[in-house]
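Undergrad: Supplied in structure tokens, the structure appears directly below.
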Amino acid sequence: MQMTGKRKDGGNAVRTSRDSSDIGKKIGRIIASRRVLLGLSVAQCAKEVGVSRQAWGQWEADGAKHIATLDVVAKVLGVTVSDIVSVMEEDPPLPPISADAIVEGAV
């Protein structure tokens, strides 16, 4: 599927469904890297959320497609949806992990 729109310089911009796939993959990489940084396995994260390892693995491969899912994933990883989105847009580091957050059940 292609959509066209006007660019600022007057030319046409073409966006494809691949653009959203790229965004999903980037979200997935952010999810996976945060999980690894926390030292958590896919199984641990999946259990915390109440889904199968395969479902969590799919989120890491293609990104969480729904905002409600992304919200749950972010909580398990000790970040917010905004943190994940800001990493997508600008690639700043995610907030540091506090030992208190982990102990208090954030993960």
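Letters A, B, ... mark the chains of the structure tokens in the order given; residue numbers begin at 1 per chain; ligand numbers begin at 1, in order shown.
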Quick one: residues within 7 Å of stretch 47-60 of chain A, only C-alpha atoms counted, chain neighbours fewer than 5 positions away excluded, as a list in words?

TA: Gly28, Arg29, Ile31, Ala32, Val42 and Val72 of chain A

Undergrad: Using only N, CA and C atoms, please write the residues we just selected to a file, as an mmCIF file, in the first residue's frame.

TA:
data_model
loop_
_atom_site.group_PDB
_atom_site.id
_atom_site.type_symbol
_atom_site.label_atom_id
_atom_site.label_comp_id
_atom_site.auth_asym_id
_atom_site.auth_seq_id
_atom_site.Cartn_x
_atom_site.Cartn_y
_atom_site.Cartn_z
ATOM 1 N N GLY A 28 10.634 -3.168 18.634
ATOM 2 C CA GLY A 28 11.042 -4.500 19.067
ATOM 3 C C GLY A 28 12.480 -4.533 19.550
ATOM 4 N N ARG A 29 13.367 -3.847 18.825
ATOM 5 C CA ARG A 29 14.778 -3.794 19.244
ATOM 6 C C ARG A 29 14.932 -3.067 20.570
ATOM 7 N N ILE A 31 12.624 -2.912 22.962
ATOM 8 C CA ILE A 31 12.103 -3.839 23.971
ATOM 9 C C ILE A 31 13.158 -4.886 24.308
ATOM 10 N N ALA A 32 13.744 -5.476 23.294
ATOM 11 C CA ALA A 32 14.743 -6.531 23.510
ATOM 12 C C ALA A 32 15.978 -5.992 24.232
ATOM 13 N N VAL A 42 13.292 -13.859 28.136
ATOM 14 C CA VAL A 42 12.005 -13.720 27.460
ATOM 15 C C VAL A 42 10.925 -14.398 28.305
ATOM 16 N N VAL A 72 1.887 -2.183 28.912
ATOM 17 C CA VAL A 72 2.188 -3.304 29.803
ATOM 18 C C VAL A 72 3.661 -3.697 29.679
#

Undergrad: Which is closer to A:Val85 than all the others in A:Leu38, A:Ile30, A:Ala68, A:Ala43, using only C-alpha atoms?

TA: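 Once distances to A:Val85 are computed over only C-alpha atoms, the minimum belongs to A:Ile30.
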